[in-house]
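Student: I have a structure I would like to understand better, so I am pasting it below and will then ask my questions one at a time.
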Amino acid sequence: MWGLFIVVFVALVSGCGSQKLVNGQKQMRMSFQSGDFERADYIADSLKENEIYEAKDRVLYALEKGTINYFKGDYKQSIESFTNAEEYIDQLFTKSIKTGIGAFISNDTELNYNGEVYEDVYLNGFKSLGYLKMDNFESALVEARRIAQKLSEAEQKYSEYASAMAESDTTEKDIKWEAGTSSIHDSPLSHYLAGALYAKAGEEDGARIEMNKLKRAINNHQAMPDSKLKFDSAFTKVQHPDHYNTMLMAFCGNAPDKVEFSINTDLNFDGKGVKIAIPRLKMRPSNVGIIDVVINDTMSTELKIIEEMDKVARETFEIKKPIIIARATIRGILKSVAQEGITDAIEDEYGSIAGDVASFLGGRAREATEQADLRGWQTMPGKVYTNVVKLPAGEHDVTFNYYSPAGELLYSEARNIKISEQERLEPIASIYSN
């Protein structure tokens with residue numbers, strides 16, 4: 001019977017560790033949203049140094065460091081962090097296939113976090129912009145194209161994963177190992193960036209092809225519920241490389257938050273379904289409706305929305321959702337079988353009262369250990385706006401103004417930038433994480 005006390009204790013300790021990570025990430029996100037990127041960076045490093053970011057959370061740490069360093073202006077370090085995140089995601093995904101269902105005995109918070117579909121996709125967007133800042137057009141193009149490539153391959157990738165899990169499933173229960181579907185298989189941002197890069201490289205056909213893909217991708221995204229994306233004539237400017245040398249990028253809002261959601265499966269034990277906890281995405285709508293950029297108090301240009309990252313996150317999350325449910329169901333089965341076995345053994349050895357106590361403790365253990373994995377990339381924005389302009393060589397005062405749909409000024413960020421005589425494509429980014 002002491003084994004059950006140990007299980008409950010371990011579960012509670014695990015829960016405390018998860019809560020510390022949630023609280024730490026909340027503090028980091030608050031500093032990031034206030035624009036204090038140095039403080040956000042310090043908190044992220046402190047969480048790692050104090051082992052609140054554990055080895056199993058290395059993808060998260062790398063993602064946060066990538067975003068923070070990008071907006072700090074440390075583009076080399078940002079690219080390195082995002083590259084680490086990408087490599088970890090690939091390694092852990094492969095490892096999870098090889099491990100099979102044996103890794104599901106603990107709750108998902110104890111597993112290595114290998115990222116969501118949208119997290120794996122959008123890290124390449126920041127890598128592309130980072131390479132642009134470093135004038136590495138070739139690498140920027142590779143990363144831009146990876147955004148669309150990953151979206152197009154996501155369903156197949158997780159279908160193969162589900163098949164591998166089905167093969168290793170020996171529970172003899174009717175578990176539905178399958179991947180979900182998404183309505184999103186392409187990225188307007190990917191084609192916009194690629195189009196600009198092709199144009200600047202003098203590859204007119206490549207730019208034209210990317211513009212056609214951009215139009216199709218936007219049409220596809222418009223099928224999402226409440227989508228505000230539409231094709232704008234401003235996007236066609238990227239086909240004319242001599243007409244611009246500066247790309248204005250504005251990020252706003254936040255990625256969806258993960259909240260716990262409990263469901264009962266239809267797999268019964270003693271007439272009861274298995275209760276499991278899974279994450280559900282909660283949208284965090286942005287208050288921004290218009291973003292205007294003023295340059296030197298003499299020139300103004302409105303930025304156009306090019307990607308709704310938060311809604312893509314919502315759609316692509318559906319790909320992994322059936323797998324998360326199947327994984328949690330397997331765990332519930334294993335816990336239920338273990339609880340029944342321990343309860344029967346204790347009742348045979350010590351009598352019915354001891355069996356009742358064991359059953360109670362077993363139920364508490366199952367309840368304590370059943371937690372949805374609410375980890376996620378906290379500094380990922382929700383939306384991207386863009387436009388291109390041509391600026392003369394020299395210093396310029398650039399102000400990003402974020403307005404509500406009704407025209408109320410919500411936030412302004414003033415920047416001083418320097419454009420060289422040879423400038424080909426300088427990305428200037430701002431963020432308002434409202």
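Chain lettering (A, B, ...) mirrors the order of the structure tokens, residue numbering begins at 1 for each chain separately, and ligand numbering begins at 1 in order of display.
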For region 149-161 of chain A, list every protein, DNA or RNA residue within 8 Å, evaluated using only C-alpha atoms, and leave out those in the same chain fewer than 6 positions away; present the list as a ChimeraX atom specification.

Tutor: /A:97,117,120-121,178-182,184-187,319-320

Student: Please identify all polymer residues within 8 Å of Asn287 (chain A), counting only C-alpha atoms, omitting same-chain residues fewer than 2 positions from it, and present them as a PyMOL selection string.

Tutor: chain A and resi 253+285+289+404-405+434

Student: Could you save those same residues with N, CA and C atoms as a short mmCIF file (atom, residue, chain, number, x, y, z; two decimals), in the first residue's frame?

Tutor:
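part.cif, written as the output of this step:
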```
data_model
loop_
_atom_site.label_atom_id
_atom_site.label_comp_id
_atom_site.auth_asym_id
_atom_site.auth_seq_id
_atom_site.Cartn_x
_atom_site.Cartn_y
_atom_site.Cartn_z
N GLY A 253 -0.67 40.97 -31.10
CA GLY A 253 -1.44 39.88 -30.49
C GLY A 253 -0.57 38.76 -29.97
N PRO A 285 -7.76 37.17 -28.91
CA PRO A 285 -7.89 38.12 -30.02
C PRO A 285 -7.12 39.42 -29.78
N GLY A 289 -6.55 46.85 -35.18
CA GLY A 289 -7.27 46.77 -36.44
C GLY A 289 -6.53 47.43 -37.58
N SER A 404 -6.92 50.69 -32.88
CA SER A 404 -8.07 49.79 -32.81
C SER A 404 -8.85 49.90 -34.11
N PRO A 405 -9.78 48.98 -34.38
CA PRO A 405 -10.59 49.10 -35.59
C PRO A 405 -11.35 50.43 -35.67
N ASN A 434 -0.46 42.98 -27.43
CA ASN A 434 -1.59 43.46 -26.62
C ASN A 434 -2.44 42.30 -26.12
#
```

Student: Counting only C-alpha atoms, which of A:Tyr70, A:Tyr88, A:Tyr122, A:Phe37 gets nearest to Met134 (chain A)?

Tutor: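 Going through A:Tyr70, A:Tyr88, A:Tyr122, A:Phe37 one by one, the smallest distance to Met134 (chain A) is for A:Tyr70.
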
Student: A:Glu64, A:Glu80, A:Asp205, A:Glu110: which is nearest Asp45 (chain A), counting only C-alpha atoms?

Tutor: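 Using only C-alpha atoms, Asp45 (chain A) sits closest to A:Glu64.
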
Student: From the list A:His191, A:Arg284, A:Arg331, A:Lys275, which residue is nearest Ser433 (chain A) when using only C-alpha atoms?

Tutor: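 Of the candidates, the smallest distance to Ser433 (chain A) is held by A:Arg284.
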
Student: Of the candidates A:Asp292, A:Lys215, A:Val259, A:Ala194, which shows the shortest atom-to-atom distance to Gly407 (chain A), using only C-alpha atoms?

Tutor: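 So, comparing all the options, the nearest one is A:Asp292.
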